[in-house]
>>> print(open('query-v9.pdb').read())   # PDB, C-alpha atoms
ATOM      1  CA  MET S   3       0.000   0.000   0.000
ATOM      2  CA  LEU S   4       1.515   3.332  -1.075
ATOM      3  CA  GLY S   5      -0.061   6.736  -0.735
ATOM      4  CA  GLY S   6      -0.779   9.590   1.547
ATOM      5  CA  ASN S   7      -3.272  12.188   2.607
ATOM      6  CA  LEU S   8      -3.771  15.831   3.438
ATOM      7  CA  GLN S   9      -5.326  16.697   6.796
ATOM      8  CA  GLY S  10      -6.545  19.916   8.328
ATOM      9  CA  SER S  11      -7.902  21.018  11.661
ATOM     10  CA  TYR S  12      -8.996  23.983  13.749
ATOM     11  CA  GLN S  13      -8.266  23.759  17.481
ATOM     12  CA  VAL S  14      -8.561  25.710  20.708
ATOM     13  CA  THR S  15      -5.208  25.651  22.566
ATOM     14  CA  SER S  16      -3.671  26.304  25.962
ATOM     15  CA  SER S  17       0.059  26.806  26.617
ATOM     16  CA  GLU S  18       2.561  27.640  29.359
ATOM     17  CA  LEU S  19       5.510  27.976  26.909
ATOM     18  CA  ASN S  20       6.120  31.698  27.476
ATOM     19  CA  SER S  21       8.485  33.878  29.494
ATOM     20  CA  SER S  22       6.010  34.465  32.342
ATOM     21  CA  GLY S  23       4.979  30.815  32.668
ATOM     22  CA  GLN S  24       1.308  31.852  32.767
ATOM     23  CA  GLU S  25      -1.362  30.120  30.733
ATOM     24  CA  VAL S  26      -2.057  31.589  27.289
ATOM     25  CA  THR S  27      -5.067  30.560  25.205
ATOM     26  CA  GLY S  28      -5.347  30.635  21.452
ATOM     27  CA  ARG S  29      -6.651  29.253  18.179
ATOM     28  CA  ARG S  30      -4.598  26.958  15.928
ATOM     29  CA  ILE S  31      -4.973  25.917  12.296
ATOM     30  CA  ASP S  32      -3.041  22.815  11.184
ATOM     31  CA  PHE S  33      -2.277  21.400   7.739
ATOM     32  CA  ASN S  34      -0.612  18.013   7.628
ATOM     33  CA  LEU S  35       0.812  16.326   4.502
ATOM     34  CA  ARG S  36       1.381  12.630   5.170
ATOM     35  CA  SER S  37       2.907   9.734   3.286
ATOM     36  CA  LYS S  38       1.560   6.386   4.474
ATOM     37  CA  ASN S  39       3.286   3.309   3.110
ATOM     38  CA  GLY S  40       2.487  -0.109   4.483
ATOM     39  CA  TYR S  41       2.259  -3.834   3.947
ATOM     40  CA  PHE S  42      -0.584  -6.287   4.621
ATOM     41  CA  VAL S  43       0.893  -8.545   7.335
ATOM     42  CA  LEU S  44      -2.470 -10.323   7.723
ATOM     43  CA  GLU S  45      -5.478 -10.372   5.398
ATOM     44  CA  ASP S  46      -6.964  -7.130   6.755
ATOM     45  CA  LEU S  47      -4.118  -5.633   8.820
ATOM     46  CA  VAL S  48      -1.623  -3.136   7.390
ATOM     47  CA  VAL S  49       1.540  -2.140   9.266
ATOM     48  CA  GLY S  50       3.568   0.718   7.880
ATOM     49  CA  LEU S  51       5.539   3.939   8.153
ATOM     50  CA  ASP S  52       3.865   7.340   8.403
ATOM     51  CA  LEU S  53       6.011  10.309   7.306
ATOM     52  CA  SER S  54       4.533  13.714   8.060
ATOM     53  CA  VAL S  55       5.183  17.404   7.426
ATOM     54  CA  LEU S  56       2.965  19.441   9.765
ATOM     55  CA  HIS S  57       2.509  23.202   9.330
ATOM     56  CA  GLN S  58       0.803  25.170  12.100
ATOM     57  CA  SER S  59      -0.441  28.737  12.361
ATOM     58  CA  ASN S  60      -1.238  29.929  15.872
ATOM     59  CA  LYS S  61      -2.879  33.145  17.125
ATOM     60  CA  LEU S  62      -2.592  33.666  20.887
ATOM     61  CA  THR S  63      -4.455  35.725  23.465
ATOM     62  CA  ASP S  64      -2.460  36.399  26.660
ATOM     63  CA  VAL S  65      -3.691  37.012  30.210
ATOM     64  CA  SER S  66      -4.378  40.702  29.451
ATOM     65  CA  ASP S  67      -6.575  39.698  26.424
ATOM     66  CA  ARG S  68      -3.987  41.070  23.981
ATOM     67  CA  VAL S  69      -4.017  39.220  20.624
ATOM     68  CA  SER S  70      -0.609  38.504  19.073
ATOM     69  CA  GLU S  71       0.473  38.176  15.446
ATOM     70  CA  PRO S  72       0.106  34.636  14.075
ATOM     71  CA  ARG S  73       3.105  32.364  14.639
ATOM     72  CA  ARG S  74       3.927  29.718  12.045
ATOM     73  CA  GLU S  75       5.886  26.483  12.618
ATOM     74  CA  THR S  76       6.753  23.426  10.547
ATOM     75  CA  PHE S  77       7.446  19.967  12.008
ATOM     76  CA  VAL S  78       8.949  16.894  10.326
ATOM     77  CA  MET S  79       7.811  13.682  11.998
ATOM     78  CA  ALA S  80       7.842   9.914  11.407
ATOM     79  CA  GLY S  81       6.474   6.797  13.056
ATOM     80  CA  PRO S  82       4.521   3.573  12.667
ATOM     81  CA  PHE S  83       0.857   3.177  11.795
ATOM     82  CA  LEU S  84      -1.604   0.294  11.940
ATOM     83  CA  ARG S  85      -4.683   0.050   9.761
ATOM     84  CA  TYR S  86      -7.394  -2.610  10.021
ATOM     85  CA  TYR S  87     -10.066  -3.050   7.340
ATOM     86  CA  MET S  88     -13.452  -3.973   8.790
ATOM     87  CA  LEU S  89     -16.348  -3.946   6.314
ATOM     88  CA  ASN S  90     -16.436  -3.099   2.595
ATOM     89  CA  GLY S  91     -13.554  -0.627   2.696
ATOM     90  CA  VAL S  92     -14.230   0.859   6.163
ATOM     91  CA  PHE S  93     -11.021   0.946   8.198
ATOM     92  CA  GLY S  94      -9.720   1.941  11.602
ATOM     93  CA  GLU S  95      -6.262   3.447  11.986
ATOM     94  CA  LEU S  96      -3.765   4.087  14.790
ATOM     95  CA  THR S  97      -0.673   6.311  14.343
ATOM     96  CA  MET S  98       2.258   7.281  16.585
ATOM     97  CA  LEU S  99       4.801   9.895  15.423
ATOM     98  CA  ALA S 100       7.872  11.635  16.815
ATOM     99  CA  GLY S 101       9.951  14.465  15.363
ATOM    100  CA  LEU S 102      11.498  17.938  15.587
ATOM    101  CA  ASN S 103      10.808  21.479  14.412
ATOM    102  CA  ASN S 104      12.682  24.746  13.750
ATOM    103  CA  PHE S 105      15.857  23.121  12.473
ATOM    104  CA  ASN S 106      17.524  26.487  11.768
ATOM    105  CA  ASP S 107      16.773  28.273  15.082
ATOM    106  CA  VAL S 108      18.908  26.733  17.854
ATOM    107  CA  ASN S 109      17.081  28.632  20.641
ATOM    108  CA  GLN S 110      13.601  27.427  19.646
ATOM    109  CA  LYS S 111      13.981  23.668  19.097
ATOM    110  CA  TYR S 112      11.200  21.386  20.273
ATOM    111  CA  LYS S 113      10.727  17.642  20.480
ATOM    112  CA  ALA S 114       7.303  16.651  19.221
ATOM    113  CA  LEU S 115       5.053  13.608  19.731
ATOM    114  CA  GLU S 116       1.760  12.870  18.018
ATOM    115  CA  GLY S 117      -0.768  10.069  18.283
ATOM    116  CA  GLY S 118      -4.066   9.549  16.552
ATOM    117  CA  VAL S 119      -6.993   7.176  16.185
ATOM    118  CA  GLY S 120      -9.200   7.422  13.125
ATOM    119  CA  LEU S 121     -11.969   5.913  11.070
ATOM    120  CA  GLY S 122     -12.005   6.075   7.280
ATOM    121  CA  TYR S 123     -13.412   4.637   4.086
ATOM    122  CA  ALA S 124     -11.558   3.416   0.989
ATOM    123  CA  PHE S 125     -13.631   4.404  -2.074
ATOM    124  CA  PHE S 126     -12.083   2.507  -4.989
ATOM    125  CA  LEU S 127     -11.655   4.291  -8.318
ATOM    126  CA  ASN S 128     -10.442   1.036  -9.903
ATOM    127  CA  LYS S 129      -8.809  -2.181  -8.695
ATOM    128  CA  GLN S 130      -5.704  -0.484  -7.298
ATOM    129  CA  PHE S 131      -6.477   3.167  -6.392
ATOM    130  CA  SER S 132      -8.789   4.526  -3.727
ATOM    131  CA  LEU S 133      -9.836   7.917  -2.387
ATOM    132  CA  GLU S 134      -9.974   7.905   1.397
ATOM    133  CA  PRO S 135     -11.806  10.347   3.644
ATOM    134  CA  VAL S 136     -10.640   9.951   7.264
ATOM    135  CA  LEU S 137     -11.967  11.406  10.509
ATOM    136  CA  SER S 138      -9.545  11.096  13.415
ATOM    137  CA  VAL S 139      -8.859  12.314  16.929
ATOM    138  CA  ARG S 140      -5.307  13.586  17.398
ATOM    139  CA  TYR S 141      -3.084  14.294  20.404
ATOM    140  CA  PHE S 142      -0.016  16.474  19.812
ATOM    141  CA  ARG S 143       2.640  17.523  22.336
ATOM    142  CA  LYS S 144       5.858  19.502  22.012
ATOM    143  CA  VAL S 145       8.430  20.033  24.764
ATOM    144  CA  ASP S 146      11.183  22.665  24.874
ATOM    145  CA  ARG S 147      14.683  22.279  26.336
ATOM    146  CA  ASP S 148      13.500  23.429  29.777
ATOM    147  CA  GLY S 149      10.814  20.738  29.948
ATOM    148  CA  ARG S 150       7.895  23.129  29.450
ATOM    149  CA  ALA S 151       5.174  21.538  27.358
ATOM    150  CA  TYR S 152       2.486  22.520  24.907
ATOM    151  CA  SER S 153      -0.278  20.072  23.990
ATOM    152  CA  GLU S 154      -3.313  19.829  21.728
ATOM    153  CA  PHE S 155      -6.198  17.404  21.518
ATOM    154  CA  GLY S 156      -8.901  17.480  18.888
ATOM    155  CA  PRO S 157     -10.410  16.179  15.662
ATOM    156  CA  MET S 158      -8.698  16.092  12.261
ATOM    157  CA  ILE S 159     -10.384  15.672   8.904
ATOM    158  CA  GLY S 160      -8.282  14.113   6.173
ATOM    159  CA  PHE S 161      -8.544  13.121   2.543
ATOM    160  CA  GLY S 162      -6.098  10.786   0.846
ATOM    161  CA  LEU S 163      -5.172   8.720  -2.170
ATOM    162  CA  GLN S 164      -3.800   5.183  -1.802
ATOM    163  CA  ALA S 165      -2.399   2.681  -4.295
ATOM    164  CA  TYR S 166      -2.894  -0.973  -3.358
ATOM    165  CA  LEU S 167      -0.097  -2.747  -5.186
ATOM    166  CA  LEU S 168      -0.749  -6.168  -3.636
ATOM    167  CA  ARG S 169      -4.403  -5.646  -2.889
ATOM    168  CA  GLN S 170      -5.299  -9.332  -3.286
ATOM    169  CA  LYS S 171      -3.960  -9.673   0.282
ATOM    170  CA  SER S 172      -7.131  -8.163   1.754
ATOM    171  CA  HIS S 173     -10.452  -9.931   1.177
ATOM    172  CA  VAL S 174     -12.354  -7.022   2.758
ATOM    173  CA  ILE S 175     -11.003  -4.601   0.173
ATOM    174  CA  LYS S 176     -12.021  -6.989  -2.613
ATOM    175  CA  ARG S 177     -15.630  -6.827  -1.410
ATOM    176  CA  ALA S 178     -15.547  -3.011  -1.619
ATOM    177  CA  LEU S 179     -15.293  -3.263  -5.412
TER     178      LEU S 179
END
>>> encode(input="query-v9.pdb", output="structure tokens")
Amino acid sequence: MLGGNLQGSYQVTSSELNSSGQEVTGRRIDFNLRSKNGYFVLEDLVVGLDLSVLHQSNKLTDVSDRVSEPRRETFVMAGPFLRYYMLNGVFGELTMLAGLNNFNDVNQKYKALEGGVGLGYAFFLNKQFSLEPVLSVRYFRKVDRDGRAYSEFGPMIGFGLQAYLLRQKSHVIKRAL
């Protein structure tokens, strides 16, 4: 299975990663371009590698209700994913990613972790290609060098294209045609 998807989300955030250490609220928009490549280890179970480039735009409101300029960040992350096909192309998916951001700014490096659980549908265009809408719940956390953390939790909507090179491995996918 080779392919990927594009995901987007809108989230309400809370952070203590500032000079005062006080909580700051905000709104975040995420766009995530993912490459998901896997292999059917069992008839309906795919195990693979998820490579991700995540771009975030964040607008914060501090304790005094002052709104800041949007801040933009890009993360590069990788990790395993599991996908299980249930009925006629419906699948469940679990992902775990780790990575870094701000590779050129030594003072603002973060370690990032992401996990997600989703439900999707493989709509086959022909015997080997499918369009896949996915709705998932995502947890994201980044930690700076001082151990201060920022986290997010919320839904993601994604849309992808997959190529099933050895699709005879999954009898559930066959029934979707």
>>> residues_around(input="query-v9.pdb", residues="S:Ala165", least_positions_apart="6", cutoff="9 Å", atoms="all atoms listed in the file", output="PyMOL selection string")
chain S and resi 3-5+130-132
>>> resolve_selection(input="query-v9.pdb", expression="the PyMOL selection byres ((chain S and resi 134) around 10)", output="list in words")
Gly6, Asn7, Gly91, Val92, Phe93, Gly122, Tyr123, Ala124, Phe125, Phe126, Phe131, Ser132, Leu133, Pro135, Val136, Leu137, Gly160, Phe161, Gly162, Leu163 and Gln164 of chain S
>>> closest_residue(input="query-v9.pdb", among="S:Lys113, S:Arg73, S:Arg147, S:Arg85", to="S:Leu47", atoms="all atoms listed in the file")
S:Arg85
>>> closest_residue(input="query-v9.pdb", among="S:Thr27, S:Ser37, S:Asn103, S:Thr97", to="S:Thr63", atoms="only C-alpha atoms")
S:Thr27
>>> closest_atom_pairs(input="query-v9.pdb", of="stretch 60-95 of chain S", to="stretch 11-16 of chain S", cutoff="10 Å", atoms="only C-alpha atoms", output="Markdown table")
| residue | atom | partner | partner_atom | distance |
| --- | --- | --- | --- | --- |
| S:Asn60 | CA | S:Thr15 | CA | 8.9 |
| S:Lys61 | CA | S:Thr15 | CA | 9.5 |
| S:Leu62 | CA | S:Thr15 | CA | 8.6 |
| S:Thr63 | CA | S:Ser16 | CA | 9.8 |
>>> closest_residue(input="query-v9.pdb", among="S:Pro157, S:Gly149, S:Gly118, S:Gly10", to="S:Leu56", atoms="only C-alpha atoms")
S:Gly10
>>> residues_around(input="query-v9.pdb", residues="stretch 78-83 of chain S", least_positions_apart="3", cutoff="8 Å", atoms="only C-alpha atoms", output="PyMOL selection string")
chain S and resi 49-56+95-103+114
>>> closest_residue(input="query-v9.pdb", among="S:Glu71, S:Asp46, S:Glu116, S:Asp32", to="S:Asn90", atoms="only C-alpha atoms")
S:Asp46
>>> closest_residue(input="query-v9.pdb", among="S:Val119, S:Leu84, S:Val43, S:Leu89", to="S:Ile159", atoms="all atoms listed in the file")
S:Val119
>>> atom_distance(input="query-v9.pdb", atom1="atom CA of S:Gln24", atom2="atom CA of S:Arg150")
11.4 Å
>>> residues_around(input="query-v9.pdb", residues="S:Ser17", least_positions_apart="4", cutoff="6 Å", atoms="all atoms listed in the file", output="compact mmCIF listing (two decimals) with C-alpha atoms, in the coordinates of the input")
# COMPACT_ATOMS: atom_id res chain seq x y z
CA GLU S 25 -1.36 30.12 30.73
CA VAL S 26 -2.06 31.59 27.29
CA TYR S 152 2.49 22.52 24.91
>>> resolve_selection(input="query-v9.pdb", expression="the PyMOL selection byres ((chain S and resi 156) around 7)", output="NGL selection string")
:S and (13 or 139-141 or 154-155 or 157-158)
>>> atom_distance(input="query-v9.pdb", atom1="atom CA of S:Lys111", atom2="atom CA of S:Glu75")
10.7 Å
>>> closest_residue(input="query-v9.pdb", among="S:Thr76, S:Asn128, S:Ser59, S:Ser138", to="S:Arg29", atoms="all atoms listed in the file")
S:Ser59
>>> atom_distance(input="query-v9.pdb", atom1="atom CA of S:Gln9", atom2="atom CA of S:Leu35")
6.6 Å
